[in-house]
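The next block is start26.pdb, given as PDB, C-alpha atoms.
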```
ATOM      1  CA  MET A 158       1.351 -19.709 -11.755
ATOM      2  CA  GLU A 159      -0.491 -20.720 -14.931
ATOM      3  CA  ASN A 160      -1.746 -17.861 -17.089
ATOM      4  CA  SER A 161      -5.371 -18.458 -16.067
ATOM      5  CA  GLU A 162      -4.345 -18.393 -12.386
ATOM      6  CA  ILE A 163      -2.483 -15.144 -12.942
ATOM      7  CA  TYR A 164      -5.608 -13.537 -14.411
ATOM      8  CA  LEU A 165      -7.668 -14.840 -11.500
ATOM      9  CA  ALA A 166      -5.123 -13.490  -8.994
ATOM     10  CA  ILE A 167      -5.263 -10.105 -10.733
ATOM     11  CA  LEU A 168      -9.060 -10.109 -10.570
ATOM     12  CA  VAL A 169      -8.914 -10.942  -6.851
ATOM     13  CA  MET A 170      -6.546  -8.015  -6.254
ATOM     14  CA  ALA A 171      -8.642  -5.685  -8.389
ATOM     15  CA  LEU A 172     -11.710  -6.658  -6.368
ATOM     16  CA  ALA A 173     -10.024  -6.210  -2.976
ATOM     17  CA  ASN A 174      -8.645  -2.856  -4.104
ATOM     18  CA  LEU A 175     -12.001  -1.687  -5.460
ATOM     19  CA  LEU A 176     -13.647  -2.774  -2.211
ATOM     20  CA  THR A 177     -11.415  -0.422  -0.196
ATOM     21  CA  ARG A 178     -12.326   2.449  -2.525
ATOM     22  CA  ILE A 179     -16.053   1.739  -2.719
ATOM     23  CA  LEU A 180     -16.733   0.750   0.918
ATOM     24  CA  PRO A 181     -17.700   4.175   2.275
ATOM     25  CA  PHE A 182     -19.992   4.782  -0.703
ATOM     26  CA  LEU A 183     -21.793   1.477  -0.123
ATOM     27  CA  PHE A 184     -22.333   1.681   3.606
ATOM     28  CA  PHE A 185     -21.759   5.084   5.065
ATOM     29  CA  VAL A 186     -23.628   7.470   2.843
ATOM     30  CA  LYS A 187     -26.471   7.750   5.325
ATOM     31  CA  LYS A 188     -25.089   6.583   8.642
ATOM     32  CA  GLU A 189     -21.829   7.158  10.497
ATOM     33  CA  PRO A 190     -19.260   4.338  10.250
ATOM     34  CA  PRO A 191     -18.670   2.301  13.437
ATOM     35  CA  SER A 192     -15.889   3.691  15.603
ATOM     36  CA  ALA A 193     -13.792   0.501  15.326
ATOM     37  CA  ILE A 194     -13.661   0.879  11.540
ATOM     38  CA  VAL A 195     -12.716   4.543  11.728
ATOM     39  CA  PHE A 196     -10.036   3.618  14.277
ATOM     40  CA  ILE A 197      -8.521   1.012  11.922
ATOM     41  CA  GLU A 198      -8.663   3.293   8.883
ATOM     42  CA  GLU A 199      -7.002   6.131  10.725
ATOM     43  CA  ASN A 200      -4.251   4.199  12.417
ATOM     44  CA  PHE A 201      -3.468   1.197  10.264
ATOM     45  CA  PRO A 202      -1.678   2.855   7.309
ATOM     46  CA  PRO A 203       1.696   3.478   9.022
ATOM     47  CA  ILE A 204       1.571  -0.021  10.538
ATOM     48  CA  ILE A 205       0.983  -1.758   7.200
ATOM     49  CA  MET A 206       3.855   0.160   5.576
ATOM     50  CA  VAL A 207       6.251  -1.185   8.217
ATOM     51  CA  ILE A 208       4.858  -4.697   7.800
ATOM     52  CA  LEU A 209       5.342  -4.435   4.041
ATOM     53  CA  ILE A 210       8.985  -3.418   4.486
ATOM     54  CA  PHE A 211       9.532  -6.596   6.502
ATOM     55  CA  TYR A 212       7.453  -8.627   4.067
ATOM     56  CA  THR A 213       9.518  -7.545   1.083
ATOM     57  CA  LEU A 214      12.658  -8.422   3.054
ATOM     58  CA  SER A 215      11.381 -11.788   4.292
ATOM     59  CA  SER A 216      12.827 -13.603   1.312
ATOM     60  CA  ILE A 217      16.403 -12.397   1.860
ATOM     61  CA  ASP A 218      18.978 -14.928   2.734
ATOM     62  CA  PHE A 219      20.173 -14.569   6.310
ATOM     63  CA  GLN A 220      22.456 -17.580   5.884
ATOM     64  CA  ASN A 221      24.671 -15.164   3.986
ATOM     65  CA  GLN A 222      27.671 -14.243   6.124
ATOM     66  CA  PHE A 223      26.715 -10.558   6.076
ATOM     67  CA  TYR A 224      23.178 -11.059   7.474
ATOM     68  CA  GLY A 225      21.302  -8.641   5.262
ATOM     69  CA  LEU A 226      23.904  -5.868   5.345
ATOM     70  CA  LYS A 227      23.130  -4.916   1.714
ATOM     71  CA  GLU A 228      19.458  -4.469   2.540
ATOM     72  CA  PHE A 229      20.269  -2.491   5.654
ATOM     73  CA  LEU A 230      22.615  -0.179   3.736
ATOM     74  CA  ALA A 231      20.180   0.360   0.869
ATOM     75  CA  ILE A 232      17.316   1.130   3.250
ATOM     76  CA  GLY A 233      19.580   3.583   5.055
ATOM     77  CA  ILE A 234      20.448   5.308   1.772
ATOM     78  CA  THR A 235      16.782   5.471   0.735
ATOM     79  CA  ALA A 236      15.667   6.889   4.081
ATOM     80  CA  TYR A 237      18.518   9.394   4.201
ATOM     81  CA  LEU A 238      17.746  10.652   0.684
ATOM     82  CA  HIS A 239      14.078  10.924   1.481
ATOM     83  CA  ILE A 240      14.641  12.918   4.639
ATOM     84  CA  ARG A 241      17.257  15.066   2.925
ATOM     85  CA  PHE A 242      15.536  15.821  -0.407
ATOM     86  CA  ASN A 243      11.933  14.903   0.272
ATOM     87  CA  ASN A 244      11.453  13.741  -3.316
ATOM     88  CA  TYR A 245      10.113  10.211  -3.520
ATOM     89  CA  LEU A 246      11.330   9.632  -7.077
ATOM     90  CA  ILE A 247      14.935  10.372  -6.086
ATOM     91  CA  SER A 248      14.640   8.184  -2.973
ATOM     92  CA  ILE A 249      13.162   5.205  -4.823
ATOM     93  CA  PHE A 250      15.363   5.493  -7.896
ATOM     94  CA  VAL A 251      18.713   5.978  -6.165
ATOM     95  CA  GLY A 252      17.781   3.579  -3.345
ATOM     96  CA  THR A 253      17.001   0.800  -5.819
ATOM     97  CA  LEU A 254      20.071   1.518  -7.934
ATOM     98  CA  SER A 255      22.340   1.364  -4.888
ATOM     99  CA  TYR A 256      20.853  -1.988  -3.961
ATOM    100  CA  MET A 257      21.321  -3.293  -7.500
ATOM    101  CA  PHE A 258      24.900  -2.086  -7.372
ATOM    102  CA  LEU A 259      25.470  -3.832  -4.015
ATOM    103  CA  VAL A 260      23.939  -7.073  -5.309
ATOM    104  CA  GLN A 261      25.771  -7.110  -8.607
ATOM    105  CA  PHE A 262      29.179  -5.682  -7.740
ATOM    106  CA  SER A 263      29.928  -5.514  -4.027
ATOM    107  CA  GLY A 264      30.244  -9.206  -3.180
ATOM    108  CA  LEU A 265      28.391  -8.625   0.102
TER     109      LEU A 265
ATOM    110  CA  MET B1039     -21.274  21.709 -24.754
ATOM    111  CA  ASP B1040     -17.588  22.338 -24.654
ATOM    112  CA  PHE B1041     -15.571  21.180 -21.677
ATOM    113  CA  SER B1042     -12.103  21.943 -22.992
ATOM    114  CA  ARG B1043     -11.622  24.460 -20.188
ATOM    115  CA  GLU B1044     -12.144  21.742 -17.575
ATOM    116  CA  PHE B1045      -9.758  19.486 -19.480
ATOM    117  CA  LYS B1046      -7.069  22.149 -19.642
ATOM    118  CA  ILE B1047      -7.266  22.843 -15.923
ATOM    119  CA  ALA B1048      -7.187  19.112 -15.121
ATOM    120  CA  LEU B1049      -4.152  18.681 -17.382
ATOM    121  CA  ARG B1050      -2.285  21.513 -15.687
ATOM    122  CA  VAL B1051      -3.131  20.328 -12.178
ATOM    123  CA  SER B1052      -2.111  16.742 -12.979
ATOM    124  CA  ILE B1053       1.407  17.455 -14.255
ATOM    125  CA  PRO B1054       3.191  16.456 -11.010
ATOM    126  CA  VAL B1055       1.297  13.160 -11.100
ATOM    127  CA  MET B1056       2.372  12.694 -14.723
ATOM    128  CA  MET B1057       5.989  12.748 -13.572
ATOM    129  CA  GLY B1058       5.377  10.492 -10.588
ATOM    130  CA  TYR B1059       3.141   7.915 -12.268
ATOM    131  CA  GLY B1060       5.241   7.939 -15.410
ATOM    132  CA  VAL B1061       8.379   6.973 -13.514
ATOM    133  CA  LEU B1062       6.759   4.554 -11.062
ATOM    134  CA  GLY B1063       4.674   2.963 -13.821
ATOM    135  CA  PHE B1064       7.866   2.557 -15.838
ATOM    136  CA  ALA B1065       9.546   0.839 -12.875
ATOM    137  CA  PHE B1066       6.527  -1.427 -12.486
ATOM    138  CA  GLY B1067       6.540  -2.411 -16.165
ATOM    139  CA  LEU B1068      10.269  -3.096 -15.966
ATOM    140  CA  LEU B1069       9.887  -5.227 -12.829
ATOM    141  CA  ALA B1070       7.015  -7.253 -14.325
ATOM    142  CA  ILE B1071       9.102  -8.053 -17.410
ATOM    143  CA  SER B1072      12.173  -8.883 -15.310
ATOM    144  CA  VAL B1073      10.321 -11.691 -13.479
ATOM    145  CA  GLY B1074       9.078 -13.108 -16.787
ATOM    146  CA  LEU B1075       5.551 -11.708 -17.017
ATOM    147  CA  PRO B1076       4.397 -10.702 -20.510
ATOM    148  CA  TRP B1077       3.796  -7.009 -21.221
ATOM    149  CA  TYR B1078       0.041  -7.443 -21.620
ATOM    150  CA  ILE B1079      -0.318  -8.779 -18.061
ATOM    151  CA  ALA B1080       1.388  -5.645 -16.707
ATOM    152  CA  PHE B1081      -0.850  -3.531 -18.960
ATOM    153  CA  PHE B1082      -3.966  -5.405 -17.817
ATOM    154  CA  MET B1083      -3.006  -4.843 -14.161
ATOM    155  CA  SER B1084      -2.585  -1.112 -14.657
ATOM    156  CA  ILE B1085      -6.033  -0.968 -16.218
ATOM    157  CA  ILE B1086      -8.064  -3.025 -13.763
ATOM    158  CA  ILE B1087      -6.135  -2.872 -10.471
ATOM    159  CA  TYR B1088      -4.671   0.622 -10.779
ATOM    160  CA  ALA B1089      -2.906   0.807  -7.405
ATOM    161  CA  GLY B1090       0.844   1.373  -7.245
ATOM    162  CA  ALA B1091       1.989  -0.472  -4.159
ATOM    163  CA  LEU B1092      -0.444  -3.312  -4.741
ATOM    164  CA  GLN B1093       0.738  -3.924  -8.301
ATOM    165  CA  PHE B1094       4.364  -4.118  -7.165
ATOM    166  CA  LEU B1095       3.237  -6.605  -4.522
ATOM    167  CA  ALA B1096       1.222  -8.473  -7.161
ATOM    168  CA  VAL B1097       4.431  -9.335  -8.969
ATOM    169  CA  GLY B1098       5.601 -10.977  -5.732
ATOM    170  CA  PHE B1099       2.284 -12.750  -5.139
ATOM    171  CA  ILE B1100       2.369 -14.209  -8.636
ATOM    172  CA  THR B1101       5.972 -15.396  -8.480
ATOM    173  CA  ALA B1102       5.462 -16.855  -4.977
ATOM    174  CA  LYS B1103       2.192 -18.564  -6.025
ATOM    175  CA  THR B1104       0.325 -17.053  -3.066
ATOM    176  CA  GLY B1105      -3.181 -18.427  -2.361
ATOM    177  CA  PHE B1106      -6.205 -16.391  -3.477
ATOM    178  CA  ILE B1107      -7.620 -15.870   0.023
ATOM    179  CA  ASP B1108      -4.253 -14.643   1.264
ATOM    180  CA  ILE B1109      -4.048 -12.333  -1.743
ATOM    181  CA  PHE B1110      -7.521 -10.950  -1.122
ATOM    182  CA  ILE B1111      -7.060 -10.235   2.591
ATOM    183  CA  SER B1112      -3.537  -8.841   2.180
ATOM    184  CA  SER B1113      -4.598  -6.596  -0.712
ATOM    185  CA  PHE B1114      -7.528  -5.280   1.277
ATOM    186  CA  PHE B1115      -5.391  -4.296   4.246
ATOM    187  CA  VAL B1116      -2.586  -2.924   2.109
ATOM    188  CA  ASN B1117      -5.041  -0.431   0.650
ATOM    189  CA  ILE B1118      -7.403   0.081   3.566
ATOM    190  CA  ARG B1119      -6.218   3.679   3.816
ATOM    191  CA  GLN B1120      -8.206   4.348   0.651
ATOM    192  CA  ALA B1121     -11.459   3.669   2.509
ATOM    193  CA  PHE B1122     -10.607   6.743   4.500
ATOM    194  CA  TYR B1123     -10.315   8.786   1.311
ATOM    195  CA  GLY B1124     -13.793   7.717   0.248
ATOM    196  CA  LEU B1125     -15.220   8.919   3.539
ATOM    197  CA  SER B1126     -13.878  12.395   2.995
ATOM    198  CA  VAL B1127     -15.050  12.790  -0.610
ATOM    199  CA  LEU B1128     -18.572  11.425  -0.124
ATOM    200  CA  GLY B1129     -19.971  14.930  -0.401
ATOM    201  CA  LYS B1130     -17.781  15.980  -3.350
ATOM    202  CA  PHE B1131     -18.869  12.985  -5.433
ATOM    203  CA  LYS B1132     -22.574  13.339  -4.665
ATOM    204  CA  LYS B1133     -23.561  15.184  -7.824
ATOM    205  CA  THR B1134     -21.226  13.532 -10.295
ATOM    206  CA  GLY B1135     -23.878  11.292 -11.934
ATOM    207  CA  LYS B1136     -22.576   8.883 -14.564
ATOM    208  CA  PHE B1137     -18.943   9.664 -13.706
ATOM    209  CA  LYS B1138     -19.261   8.509 -10.110
ATOM    210  CA  PRO B1139     -18.361   4.802 -10.605
ATOM    211  CA  TYR B1140     -15.135   5.734 -12.407
ATOM    212  CA  LEU B1141     -14.280   8.446  -9.888
ATOM    213  CA  ILE B1142     -14.576   5.897  -7.071
ATOM    214  CA  PHE B1143     -12.538   3.322  -9.002
ATOM    215  CA  GLY B1144      -9.815   5.887  -9.692
ATOM    216  CA  LEU B1145      -9.467   7.189  -6.143
ATOM    217  CA  THR B1146      -5.715   6.640  -5.734
ATOM    218  CA  ASP B1147      -3.518   8.443  -3.181
ATOM    219  CA  GLU B1148      -2.446  11.043  -5.711
ATOM    220  CA  THR B1149      -5.867  11.658  -7.257
ATOM    221  CA  TYR B1150      -7.310  12.018  -3.778
ATOM    222  CA  ALA B1151      -4.568  14.452  -2.845
ATOM    223  CA  LEU B1152      -5.265  16.621  -5.911
ATOM    224  CA  LEU B1153      -9.037  16.470  -5.452
ATOM    225  CA  THR B1154      -8.838  17.588  -1.851
ATOM    226  CA  THR B1155      -5.982  20.095  -1.873
ATOM    227  CA  ILE B1156      -6.258  22.066  -5.127
ATOM    228  CA  LYS B1157      -8.640  24.962  -4.863
ATOM    229  CA  GLU B1158     -11.361  24.699  -7.468
ATOM    230  CA  ASP B1159     -12.332  27.403  -9.896
ATOM    231  CA  PRO B1160     -16.040  28.055  -9.136
ATOM    232  CA  GLN B1161     -16.743  28.738 -12.834
ATOM    233  CA  ILE B1162     -16.039  25.196 -14.025
ATOM    234  CA  LYS B1163     -18.293  22.146 -14.255
ATOM    235  CA  LYS B1164     -16.897  20.139 -11.376
ATOM    236  CA  LYS B1165     -17.887  16.661 -12.437
ATOM    237  CA  TYR B1166     -16.081  17.000 -15.776
ATOM    238  CA  TYR B1167     -13.018  18.397 -14.056
ATOM    239  CA  TYR B1168     -12.962  15.484 -11.556
ATOM    240  CA  PHE B1169     -13.411  12.985 -14.362
ATOM    241  CA  TYR B1170     -10.669  14.415 -16.562
ATOM    242  CA  LEU B1171      -8.301  14.592 -13.603
ATOM    243  CA  SER B1172      -8.953  10.963 -12.671
ATOM    244  CA  ILE B1173      -8.650   9.586 -16.166
ATOM    245  CA  LEU B1174      -5.548  11.638 -16.998
ATOM    246  CA  ASN B1175      -3.858  10.247 -13.900
ATOM    247  CA  GLN B1176      -4.683   6.670 -14.853
ATOM    248  CA  SER B1177      -3.519   7.240 -18.408
ATOM    249  CA  TYR B1178      -0.085   8.360 -17.097
ATOM    250  CA  TRP B1179       0.089   5.187 -15.029
ATOM    251  CA  ILE B1180      -0.833   2.975 -17.991
ATOM    252  CA  LEU B1181       1.537   4.776 -20.330
ATOM    253  CA  GLY B1182       4.425   4.493 -17.846
ATOM    254  CA  THR B1183       3.722   0.771 -17.439
ATOM    255  CA  LEU B1184       3.741   0.186 -21.194
ATOM    256  CA  LEU B1185       6.958   2.142 -21.705
ATOM    257  CA  GLY B1186       8.649   0.219 -18.868
ATOM    258  CA  ALA B1187       7.470  -3.106 -20.262
ATOM    259  CA  VAL B1188       8.612  -2.272 -23.787
ATOM    260  CA  PHE B1189      11.973  -0.990 -22.559
ATOM    261  CA  GLY B1190      12.400  -4.089 -20.384
ATOM    262  CA  SER B1191      11.705  -6.411 -23.308
ATOM    263  CA  MET B1192      14.015  -4.633 -25.736
ATOM    264  CA  VAL B1193      16.983  -3.644 -23.630
ATOM    265  CA  LYS B1194      18.636  -6.566 -21.927
ATOM    266  CA  PHE B1195      20.562  -5.803 -18.766
ATOM    267  CA  ASP B1196      21.164  -7.407 -15.399
ATOM    268  CA  THR B1197      18.037  -6.647 -13.345
ATOM    269  CA  SER B1198      19.053  -8.500 -10.181
ATOM    270  CA  GLY B1199      18.152  -6.337  -7.224
ATOM    271  CA  LEU B1200      15.405  -4.484  -9.103
ATOM    272  CA  GLU B1201      12.781  -6.062  -6.819
ATOM    273  CA  PHE B1202      14.209  -3.853  -4.058
ATOM    274  CA  SER B1203      12.270  -0.946  -5.621
ATOM    275  CA  LEU B1204       9.323  -2.354  -3.688
ATOM    276  CA  THR B1205      11.168  -2.080  -0.384
ATOM    277  CA  THR B1206      12.272   1.479  -1.130
ATOM    278  CA  LEU B1207       8.682   2.394  -2.042
ATOM    279  CA  PHE B1208       7.449   1.208   1.364
ATOM    280  CA  VAL B1209      10.331   2.910   3.178
ATOM    281  CA  VAL B1210       9.296   6.177   1.525
ATOM    282  CA  LEU B1211       5.606   5.636   2.283
ATOM    283  CA  ALA B1212       6.396   4.795   5.916
ATOM    284  CA  LEU B1213       8.430   8.008   6.266
ATOM    285  CA  GLU B1214       5.560   9.970   4.731
ATOM    286  CA  GLN B1215       3.202   8.385   7.260
ATOM    287  CA  TYR B1216       5.541   9.405  10.052
ATOM    288  CA  LYS B1217       5.413  13.002   8.844
ATOM    289  CA  THR B1218       1.656  13.158   9.220
ATOM    290  CA  GLN B1219       1.435  11.272  12.506
ATOM    291  CA  LYS B1220       4.754  12.015  14.262
ATOM    292  CA  ARG B1221       4.698   9.115  16.677
ATOM    293  CA  TYR B1222       6.480   5.830  17.096
ATOM    294  CA  LEU B1223       3.760   3.512  18.377
ATOM    295  CA  PRO B1224       2.398   2.401  14.955
ATOM    296  CA  PHE B1225       5.946   1.688  13.767
ATOM    297  CA  LEU B1226       6.748  -0.346  16.862
ATOM    298  CA  ILE B1227       3.538  -2.348  16.478
ATOM    299  CA  GLY B1228       4.236  -2.953  12.794
ATOM    300  CA  ALA B1229       7.810  -4.042  13.480
ATOM    301  CA  GLY B1230       6.832  -6.209  16.469
ATOM    302  CA  ALA B1231       4.040  -7.953  14.575
ATOM    303  CA  SER B1232       6.311  -8.553  11.565
ATOM    304  CA  LEU B1233       9.172  -9.977  13.618
ATOM    305  CA  LEU B1234       6.851 -12.333  15.514
ATOM    306  CA  ALA B1235       5.320 -13.489  12.227
ATOM    307  CA  ILE B1236       8.733 -14.001  10.601
ATOM    308  CA  ILE B1237       9.983 -16.018  13.559
ATOM    309  CA  PHE B1238       6.929 -18.204  14.140
ATOM    310  CA  VAL B1239       5.250 -18.837  10.788
ATOM    311  CA  PRO B1240       6.450 -19.917   7.320
ATOM    312  CA  VAL B1241       7.353 -17.106   4.915
ATOM    313  CA  ASN B1242       4.278 -17.503   2.721
ATOM    314  CA  ASN B1243       1.892 -16.885   5.653
ATOM    315  CA  MET B1244       3.943 -14.088   7.138
ATOM    316  CA  LEU B1245       1.995 -11.157   5.689
ATOM    317  CA  LEU B1246      -1.424 -12.325   6.817
ATOM    318  CA  VAL B1247      -0.268 -13.291  10.321
ATOM    319  CA  ALA B1248       1.562  -9.979  10.730
ATOM    320  CA  ILE B1249      -1.590  -8.060   9.736
ATOM    321  CA  ALA B1250      -3.682 -10.033  12.243
ATOM    322  CA  LEU B1251      -1.123  -9.519  15.047
ATOM    323  CA  ALA B1252      -0.888  -5.806  14.255
ATOM    324  CA  LEU B1253      -4.679  -5.376  14.400
ATOM    325  CA  LEU B1254      -4.638  -7.153  17.748
ATOM    326  CA  GLY B1255      -1.825  -4.886  18.924
ATOM    327  CA  MET B1256      -3.746  -1.794  17.828
ATOM    328  CA  PHE B1257      -6.725  -2.717  19.971
ATOM    329  CA  ILE B1258      -4.499  -3.610  22.938
ATOM    330  CA  PHE B1259      -2.935  -0.127  22.725
ATOM    331  CA  LYS B1260      -6.160   1.592  21.646
ATOM    332  CA  LYS B1261      -6.102   3.987  24.564
ATOM    333  CA  ARG B1262      -2.590   5.137  23.709
ATOM    334  CA  PHE B1263      -3.546   5.687  20.080
ATOM    335  CA  GLU B1264      -6.467   7.812  21.152
ATOM    336  CA  ASP B1265      -4.293   9.840  23.479
ATOM    337  CA  GLY B1266      -2.174  10.578  20.414
ATOM    338  CA  LYS B1267       1.024   9.114  21.837
TER     339      LYS B1267
END
```
Write out the structure in this file as structure tokens.
Amino acid sequence: MENSEIYLAILVMALANLLTRILPFLFFVKKEPPSAIVFIEENFPPIIMVILIFYTLSSIDFQNQFYGLKEFLAIGITAYLHIRFNNYLISIFVGTLSYMFLVQFSGL
Amino acid sequence: MDFSREFKIALRVSIPVMMGYGVLGFAFGLLAISVGLPWYIAFFMSIIIYAGALQFLAVGFITAKTGFIDIFISSFFVNIRQAFYGLSVLGKFKKTGKFKPYLIFGLTDETYALLTTIKEDPQIKKKYYYFYLSILNQSYWILGTLLGAVFGSMVKFDTSGLEFSLTTLFVVLALEQYKTQKRYLPFLIGAGASLLAIIFVPVNNMLLVAIALALLGMFIFKKRFEDGK
């Protein structure tokens, strides 16, 4: 992207993000929100997290003879650490480092 | 008028966020530099977007040259959980006057968590306390970003694989979601929608199509969701 496009993209994201934060204050101060909206807000968050995991993996190269084994291992390590220690900084930090190690040194 | 008492309480309450935002902001700054973005773009993002997961994604959107409409819709759904936060602090923010716009802008996961879980001292002026808490949190985020960007520009090392921090962040957030909901259906819908989208549409449309399919899936299984299965 050109620099001007990058700034525009950032503005678009800032706007979309602000919209999610401001929405209830704009529309639902006086009346109750429609049930479909409440249903989406309550139930969509876990779904989008799963989608985002797949999205961030969608650029990996499955032509590689190990079919995403590195990614699978690193996700396993991250999840294990998170369940074990329940500290998101440890999970993210060590999870990412193990992936970097696998990419740079393992030959997988 | 002296509000140093409110500031001190806000500072004390926000220390865990200082650690979290400092480290994550640092990782974000580092990632932004590693894909070739200048430090001031990362800094600008932390000031006007101010949303962790979204800013990590932004790096991907920018490098993949994603279209603006796709960016808008994806960003909205990535952070739709925040609309839920707003609903539950409507009352709290009612009498905050001139601070209200910033309080709404700064309603991140962590700020929301502090605002709703920490018991408030009845002696303090609430709106100042809320404001200090919100702005302290954002300042940690901005500071972390700057440190990460500076470190990334000065220390040269092999950053291949660093983009995986994004994946680990979502793995952690998904596990946290599971803790509060304790059911598999949302995860199955998310995985099903993603796999269908990956198989049938090009990579750059995958996110949007997966979101649409997942919303469809939610309404198909609405009854099950409401039964809490």
(request) Take CA of Ser1198 in chain B and CA of Met257 in chain A and report the distance between them in Å, one decimal. (result)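 So the answer is 6.3 Å.
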(message) Which residues would end up in the selection if the PyMOL selection byres ((chain B and resi 1041) around 12) were applied here, given that I need the answer as a VMD selection string?
(response) chain B and resid 1039 to 1040 1042 to 1048 1161 to 1170
Between chain B and chain A, at 6 Å or less, what are the per-residue closest atom pairs and their distances in Å? Count only C-alpha atoms, order by chain and rising residue number, and return it as a Markdown table.
```
| residue | atom | partner | partner_atom | distance |
| --- | --- | --- | --- | --- |
| B:Ile1087 | CA | A:Ala171 | CA | 4.3 |
| B:Lys1103 | CA | A:Met158 | CA | 5.9 |
| B:Phe1110 | CA | A:Ala173 | CA | 5.7 |
| B:Ser1113 | CA | A:Ala173 | CA | 5.9 |
| B:Phe1114 | CA | A:Ala173 | CA | 5.0 |
| B:Ile1118 | CA | A:Thr177 | CA | 5.5 |
| B:Arg1119 | CA | A:Glu198 | CA | 5.6 |
| B:Gln1120 | CA | A:Arg178 | CA | 5.5 |
| B:Ala1121 | CA | A:Thr177 | CA | 4.9 |
| B:Phe1122 | CA | A:Glu198 | CA | 5.9 |
| B:Gly1124 | CA | A:Pro181 | CA | 5.6 |
| B:Leu1125 | CA | A:Pro181 | CA | 5.5 |
| B:Gly1199 | CA | A:Met257 | CA | 4.4 |
| B:Phe1202 | CA | A:Thr253 | CA | 5.7 |
| B:Ser1203 | CA | A:Thr253 | CA | 5.0 |
| B:Thr1205 | CA | A:Ile210 | CA | 5.5 |
| B:Thr1206 | CA | A:Ile249 | CA | 5.3 |
| B:Leu1207 | CA | A:Ile249 | CA | 6.0 |
| B:Phe1208 | CA | A:Met206 | CA | 5.6 |
| B:Ala1212 | CA | A:Met206 | CA | 5.3 |
| B:Gln1215 | CA | A:Pro203 | CA | 5.4 |
| B:Pro1224 | CA | A:Ile204 | CA | 5.1 |
| B:Phe1225 | CA | A:Ile204 | CA | 5.7 |
| B:Gly1228 | CA | A:Ile204 | CA | 4.6 |
| B:Ser1232 | CA | A:Ile208 | CA | 5.6 |
```
Output of the above residues as a PDB file, in the coordinates of the input, restricted to C-alpha atoms:
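And here is the file that came out, selection22.pdb:
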```pdb
ATOM      1  CA  ILE B1087      -6.135  -2.872 -10.471  1.00  0.00           C
ATOM      2  CA  LYS B1103       2.192 -18.564  -6.025  1.00  0.00           C
ATOM      3  CA  PHE B1110      -7.521 -10.950  -1.122  1.00  0.00           C
ATOM      4  CA  SER B1113      -4.598  -6.596  -0.712  1.00  0.00           C
ATOM      5  CA  PHE B1114      -7.528  -5.280   1.277  1.00  0.00           C
ATOM      6  CA  ILE B1118      -7.403   0.081   3.566  1.00  0.00           C
ATOM      7  CA  ARG B1119      -6.218   3.679   3.816  1.00  0.00           C
ATOM      8  CA  GLN B1120      -8.206   4.348   0.651  1.00  0.00           C
ATOM      9  CA  ALA B1121     -11.459   3.669   2.509  1.00  0.00           C
ATOM     10  CA  PHE B1122     -10.607   6.743   4.500  1.00  0.00           C
ATOM     11  CA  GLY B1124     -13.793   7.717   0.248  1.00  0.00           C
ATOM     12  CA  LEU B1125     -15.220   8.919   3.539  1.00  0.00           C
ATOM     13  CA  GLY B1199      18.152  -6.337  -7.224  1.00  0.00           C
ATOM     14  CA  PHE B1202      14.209  -3.853  -4.058  1.00  0.00           C
ATOM     15  CA  SER B1203      12.270  -0.946  -5.621  1.00  0.00           C
ATOM     16  CA  THR B1205      11.168  -2.080  -0.384  1.00  0.00           C
ATOM     17  CA  THR B1206      12.272   1.479  -1.130  1.00  0.00           C
ATOM     18  CA  LEU B1207       8.682   2.394  -2.042  1.00  0.00           C
ATOM     19  CA  PHE B1208       7.449   1.208   1.364  1.00  0.00           C
ATOM     20  CA  ALA B1212       6.396   4.795   5.916  1.00  0.00           C
ATOM     21  CA  GLN B1215       3.202   8.385   7.260  1.00  0.00           C
ATOM     22  CA  PRO B1224       2.398   2.401  14.955  1.00  0.00           C
ATOM     23  CA  PHE B1225       5.946   1.688  13.767  1.00  0.00           C
ATOM     24  CA  GLY B1228       4.236  -2.953  12.794  1.00  0.00           C
ATOM     25  CA  SER B1232       6.311  -8.553  11.565  1.00  0.00           C
TER      26      SER B1232
END
```
(request) Have a look at B:Phe1263, B:Phe1189, B:Phe1195, B:Phe1238 and name the one nearest to Lys1220 in chain B; count all atoms listed in the file. (result)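 Answer, going by the shortest atom-to-atom distance: B:Phe1263.
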(request) Please measure the separation of CA of Thr1149 in chain B and CA of Glu1201 in chain B, giving the value in Å to one decimal. (result) 25.7 Å
Reconstruct N, CA and C atoms of range 226-231 of chain A from the incomplete input and present them as a PDB file, in the frame of the given file.
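Below is the file that was written, selection05.pdb:
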```pdb
ATOM      1  N   LEU A 226      23.234  -7.170   5.307  1.00  0.00           N
ATOM      2  CA  LEU A 226      23.904  -5.868   5.345  1.00  0.00           C
ATOM      3  C   LEU A 226      23.553  -5.003   4.126  1.00  0.00           C
ATOM      4  N   LYS A 227      23.492  -5.636   2.941  1.00  0.00           N
ATOM      5  CA  LYS A 227      23.130  -4.916   1.714  1.00  0.00           C
ATOM      6  C   LYS A 227      21.782  -4.229   1.872  1.00  0.00           C
ATOM      7  N   GLU A 228      20.812  -4.992   2.387  1.00  0.00           N
ATOM      8  CA  GLU A 228      19.458  -4.469   2.540  1.00  0.00           C
ATOM      9  C   GLU A 228      19.464  -3.302   3.524  1.00  0.00           C
ATOM     10  N   PHE A 229      20.191  -3.518   4.619  1.00  0.00           N
ATOM     11  CA  PHE A 229      20.269  -2.491   5.654  1.00  0.00           C
ATOM     12  C   PHE A 229      20.871  -1.199   5.089  1.00  0.00           C
ATOM     13  N   LEU A 230      21.963  -1.349   4.340  1.00  0.00           N
ATOM     14  CA  LEU A 230      22.615  -0.179   3.736  1.00  0.00           C
ATOM     15  C   LEU A 230      21.679   0.537   2.761  1.00  0.00           C
ATOM     16  N   ALA A 231      21.027  -0.252   1.895  1.00  0.00           N
ATOM     17  CA  ALA A 231      20.180   0.360   0.869  1.00  0.00           C
ATOM     18  C   ALA A 231      18.969   1.050   1.490  1.00  0.00           C
TER      19      ALA A 231
END
```
